[in-house]
Amino acid sequence: MRRAVCPGSFDPVTNGHLDIIARASRLYDVVHIAVMINKSKQGLFEVDERIALIEEVTADLDNVVVESFHGLLVDFCKQRDIPAIVKGLRAVSDFDYELQMAQMNIGLSGVETLFVPTNPAYSFLSSSLVKEVAQWGGDISHLVPGPVLEALNSRLRQR
């Protein structure tokens, strides 16, 4: 089986993330979505909430598995026999950082990283930007799937 992982914090998952996940799911038999846990960062959504949202919005992709992980991504890959990491690149600045990570990952474990250029419609999109625009009442309905929009609006109303 051809297996790959799409890692990220996904706080929240955006249409840009979903584009990369869907494209990876057409190339691989199984795509693991690794919701990385960073104890030093306080997310808007808890990890379990992020997983539930990703599972809901990827339900039509029957070869996607969503799980959380704390630690090195290469350890996640080794534990699951995953030989490839799929990362979306929005801009040259993404490439500079991601190239270093890819070189470290292959050096540590032999896990390859494949870069997928982002759909131009999502080239500016990030979870941080989505949250900021939503906090100020901006329309993000075209940037995130419906269930994420509802969850985001609900969470922001609670604050």
# chains A, B, ... in the order shown; residues from 1 in each chain; ligands from 1

call {"tool": "residues_around", "arguments": {"residues": "Gly16 in chain A", "least_positions_apart": "2", "cutoff": "7 Å", "atoms": "only C-alpha atoms", "output": "PyMOL selection string"}}
result
chain A and resi 14+18-20+122+125

call {"tool": "residues_around", "arguments": {"residues": "Asn63 in chain A", "least_positions_apart": "4", "cutoff": "9 Å", "atoms": "only C-alpha atoms", "output": "CSV table (one decimal) with C-alpha atoms, in the first residue's frame"}}
result
chain,number,residue,atom,x,y,z
A,25,SER,CA,-5.8,11.0,-1.5
A,28,TYR,CA,-1.9,7.4,-2.2
A,29,ASP,CA,-3.9,4.4,-1.0
A,30,VAL,CA,-4.0,5.7,2.6
A,31,VAL,CA,-3.4,9.3,3.7
A,32,HIS,CA,-2.9,9.9,7.4

call {"tool": "residues_around", "arguments": {"residues": "range 147-154 of chain A", "least_positions_apart": "6", "cutoff": "8 Å", "atoms": "only C-alpha atoms", "output": "ChimeraX atom specification"}}
result
/A:12-14,53,56-57,131,134,140-141

call {"tool": "select_by_dssp", "arguments": {"residues": "range 3-80 of chain A", "states": "alpha helix (DSSP H)", "output": "PyMOL selection string"}}
result
chain A and resi 15-27+47-57+73-80

call {"tool": "closest_residue", "arguments": {"among": "A:Arg90, A:Arg2, A:Arg159, A:Arg50", "to": "Ala34 in chain A", "atoms": "only C-alpha atoms"}}
result
A:Arg50

call {"tool": "decode", "arguments": {"residues": "range 29-55 of chain A", "atoms": "N, CA, C and O atoms", "output": "PDB file, in the first residue's frame"}}
result
ATOM      1  N   ASP A  29      -2.806   5.290  -1.440  1.00  0.00           N
ATOM      2  CA  ASP A  29      -3.855   4.368  -0.998  1.00  0.00           C
ATOM      3  C   ASP A  29      -4.416   4.791   0.353  1.00  0.00           C
ATOM      4  O   ASP A  29      -5.614   4.663   0.603  1.00  0.00           O
ATOM      5  N   VAL A  30      -3.534   5.256   1.244  1.00  0.00           N
ATOM      6  CA  VAL A  30      -3.951   5.733   2.567  1.00  0.00           C
ATOM      7  C   VAL A  30      -3.228   7.048   2.845  1.00  0.00           C
ATOM      8  O   VAL A  30      -2.015   7.139   2.669  1.00  0.00           O
ATOM      9  N   VAL A  31      -3.993   8.047   3.279  1.00  0.00           N
ATOM     10  CA  VAL A  31      -3.419   9.329   3.683  1.00  0.00           C
ATOM     11  C   VAL A  31      -3.764   9.534   5.155  1.00  0.00           C
ATOM     12  O   VAL A  31      -4.933   9.585   5.529  1.00  0.00           O
ATOM     13  N   HIS A  32      -2.716   9.615   5.961  1.00  0.00           N
ATOM     14  CA  HIS A  32      -2.874   9.906   7.383  1.00  0.00           C
ATOM     15  C   HIS A  32      -2.824  11.416   7.557  1.00  0.00           C
ATOM     16  O   HIS A  32      -1.931  12.076   7.038  1.00  0.00           O
ATOM     17  N   ILE A  33      -3.771  11.953   8.285  1.00  0.00           N
ATOM     18  CA  ILE A  33      -3.738  13.358   8.661  1.00  0.00           C
ATOM     19  C   ILE A  33      -3.231  13.379  10.098  1.00  0.00           C
ATOM     20  O   ILE A  33      -3.895  12.859  10.997  1.00  0.00           O
ATOM     21  N   ALA A  34      -2.049  13.930  10.294  1.00  0.00           N
ATOM     22  CA  ALA A  34      -1.444  13.989  11.625  1.00  0.00           C
ATOM     23  C   ALA A  34      -1.690  15.371  12.210  1.00  0.00           C
ATOM     24  O   ALA A  34      -1.092  16.355  11.775  1.00  0.00           O
ATOM     25  N   VAL A  35      -2.598  15.436  13.163  1.00  0.00           N
ATOM     26  CA  VAL A  35      -2.863  16.682  13.872  1.00  0.00           C
ATOM     27  C   VAL A  35      -1.815  16.758  14.978  1.00  0.00           C
ATOM     28  O   VAL A  35      -1.889  16.049  15.978  1.00  0.00           O
ATOM     29  N   MET A  36      -0.825  17.592  14.725  1.00  0.00           N
ATOM     30  CA  MET A  36       0.315  17.655  15.632  1.00  0.00           C
ATOM     31  C   MET A  36      -0.054  18.436  16.896  1.00  0.00           C
ATOM     32  O   MET A  36      -0.668  19.497  16.824  1.00  0.00           O
ATOM     33  N   ILE A  37       0.350  17.878  18.022  1.00  0.00           N
ATOM     34  CA  ILE A  37       0.102  18.499  19.325  1.00  0.00           C
ATOM     35  C   ILE A  37       1.337  19.290  19.722  1.00  0.00           C
ATOM     36  O   ILE A  37       2.435  18.750  19.777  1.00  0.00           O
ATOM     37  N   ASN A  38       1.132  20.581  19.969  1.00  0.00           N
ATOM     38  CA  ASN A  38       2.216  21.445  20.420  1.00  0.00           C
ATOM     39  C   ASN A  38       1.795  22.001  21.778  1.00  0.00           C
ATOM     40  O   ASN A  38       0.989  22.923  21.850  1.00  0.00           O
ATOM     41  N   LYS A  39       2.352  21.431  22.837  1.00  0.00           N
ATOM     42  CA  LYS A  39       1.959  21.821  24.196  1.00  0.00           C
ATOM     43  C   LYS A  39       2.281  23.283  24.512  1.00  0.00           C
ATOM     44  O   LYS A  39       1.697  23.873  25.404  1.00  0.00           O
ATOM     45  N   SER A  40       3.207  23.878  23.757  1.00  0.00           N
ATOM     46  CA  SER A  40       3.579  25.269  24.029  1.00  0.00           C
ATOM     47  C   SER A  40       2.635  26.265  23.355  1.00  0.00           C
ATOM     48  O   SER A  40       2.736  27.463  23.590  1.00  0.00           O
ATOM     49  N   LYS A  41       1.743  25.783  22.508  1.00  0.00           N
ATOM     50  CA  LYS A  41       0.788  26.670  21.834  1.00  0.00           C
ATOM     51  C   LYS A  41      -0.630  26.361  22.305  1.00  0.00           C
ATOM     52  O   LYS A  41      -1.017  25.205  22.398  1.00  0.00           O
ATOM     53  N   GLN A  42      -1.374  27.404  22.569  1.00  0.00           N
ATOM     54  CA  GLN A  42      -2.783  27.244  22.935  1.00  0.00           C
ATOM     55  C   GLN A  42      -3.621  27.488  21.689  1.00  0.00           C
ATOM     56  O   GLN A  42      -3.673  28.598  21.183  1.00  0.00           O
ATOM     57  N   GLY A  43      -4.245  26.444  21.186  1.00  0.00           N
ATOM     58  CA  GLY A  43      -5.073  26.570  19.998  1.00  0.00           C
ATOM     59  C   GLY A  43      -6.462  27.070  20.328  1.00  0.00           C
ATOM     60  O   GLY A  43      -6.889  27.053  21.482  1.00  0.00           O
ATOM     61  N   LEU A  44      -7.161  27.498  19.303  1.00  0.00           N
ATOM     62  CA  LEU A  44      -8.556  27.896  19.478  1.00  0.00           C
ATOM     63  C   LEU A  44      -9.415  26.671  19.743  1.00  0.00           C
ATOM     64  O   LEU A  44     -10.324  26.697  20.562  1.00  0.00           O
ATOM     65  N   PHE A  45      -9.095  25.569  19.038  1.00  0.00           N
ATOM     66  CA  PHE A  45      -9.822  24.313  19.203  1.00  0.00           C
ATOM     67  C   PHE A  45      -8.923  23.280  19.863  1.00  0.00           C
ATOM     68  O   PHE A  45      -7.724  23.220  19.579  1.00  0.00           O
ATOM     69  N   GLU A  46      -9.509  22.460  20.716  1.00  0.00           N
ATOM     70  CA  GLU A  46      -8.774  21.337  21.302  1.00  0.00           C
ATOM     71  C   GLU A  46      -8.455  20.332  20.192  1.00  0.00           C
ATOM     72  O   GLU A  46      -9.141  20.295  19.161  1.00  0.00           O
ATOM     73  N   VAL A  47      -7.463  19.514  20.407  1.00  0.00           N
ATOM     74  CA  VAL A  47      -7.040  18.537  19.393  1.00  0.00           C
ATOM     75  C   VAL A  47      -8.193  17.618  19.006  1.00  0.00           C
ATOM     76  O   VAL A  47      -8.404  17.352  17.812  1.00  0.00           O
ATOM     77  N   ASP A  48      -8.958  17.151  19.976  1.00  0.00           N
ATOM     78  CA  ASP A  48     -10.090  16.264  19.671  1.00  0.00           C
ATOM     79  C   ASP A  48     -11.135  16.954  18.800  1.00  0.00           C
ATOM     80  O   ASP A  48     -11.748  16.329  17.935  1.00  0.00           O
ATOM     81  N   GLU A  49     -11.335  18.244  19.019  1.00  0.00           N
ATOM     82  CA  GLU A  49     -12.272  19.007  18.194  1.00  0.00           C
ATOM     83  C   GLU A  49     -11.744  19.132  16.767  1.00  0.00           C
ATOM     84  O   GLU A  49     -12.509  19.012  15.808  1.00  0.00           O
ATOM     85  N   ARG A  50     -10.452  19.377  16.617  1.00  0.00           N
ATOM     86  CA  ARG A  50      -9.853  19.479  15.289  1.00  0.00           C
ATOM     87  C   ARG A  50      -9.986  18.159  14.543  1.00  0.00           C
ATOM     88  O   ARG A  50     -10.328  18.143  13.358  1.00  0.00           O
ATOM     89  N   ILE A  51      -9.724  17.070  15.241  1.00  0.00           N
ATOM     90  CA  ILE A  51      -9.841  15.750  14.617  1.00  0.00           C
ATOM     91  C   ILE A  51     -11.271  15.521  14.154  1.00  0.00           C
ATOM     92  O   ILE A  51     -11.505  15.088  13.026  1.00  0.00           O
ATOM     93  N   ALA A  52     -12.239  15.817  15.016  1.00  0.00           N
ATOM     94  CA  ALA A  52     -13.650  15.610  14.659  1.00  0.00           C
ATOM     95  C   ALA A  52     -14.046  16.452  13.446  1.00  0.00           C
ATOM     96  O   ALA A  52     -14.749  15.967  12.547  1.00  0.00           O
ATOM     97  N   LEU A  53     -13.585  17.697  13.395  1.00  0.00           N
ATOM     98  CA  LEU A  53     -13.901  18.556  12.250  1.00  0.00           C
ATOM     99  C   LEU A  53     -13.267  18.014  10.964  1.00  0.00           C
ATOM    100  O   LEU A  53     -13.917  17.972   9.913  1.00  0.00           O
ATOM    101  N   ILE A  54     -12.017  17.592  11.042  1.00  0.00           N
ATOM    102  CA  ILE A  54     -11.354  17.048   9.848  1.00  0.00           C
ATOM    103  C   ILE A  54     -12.043  15.775   9.396  1.00  0.00           C
ATOM    104  O   ILE A  54     -12.275  15.575   8.197  1.00  0.00           O
ATOM    105  N   GLU A  55     -12.404  14.910  10.335  1.00  0.00           N
ATOM    106  CA  GLU A  55     -13.115  13.679   9.967  1.00  0.00           C
ATOM    107  C   GLU A  55     -14.443  13.997   9.279  1.00  0.00           C
ATOM    108  O   GLU A  55     -14.804  13.368   8.286  1.00  0.00           O
TER     109      GLU A  55
END
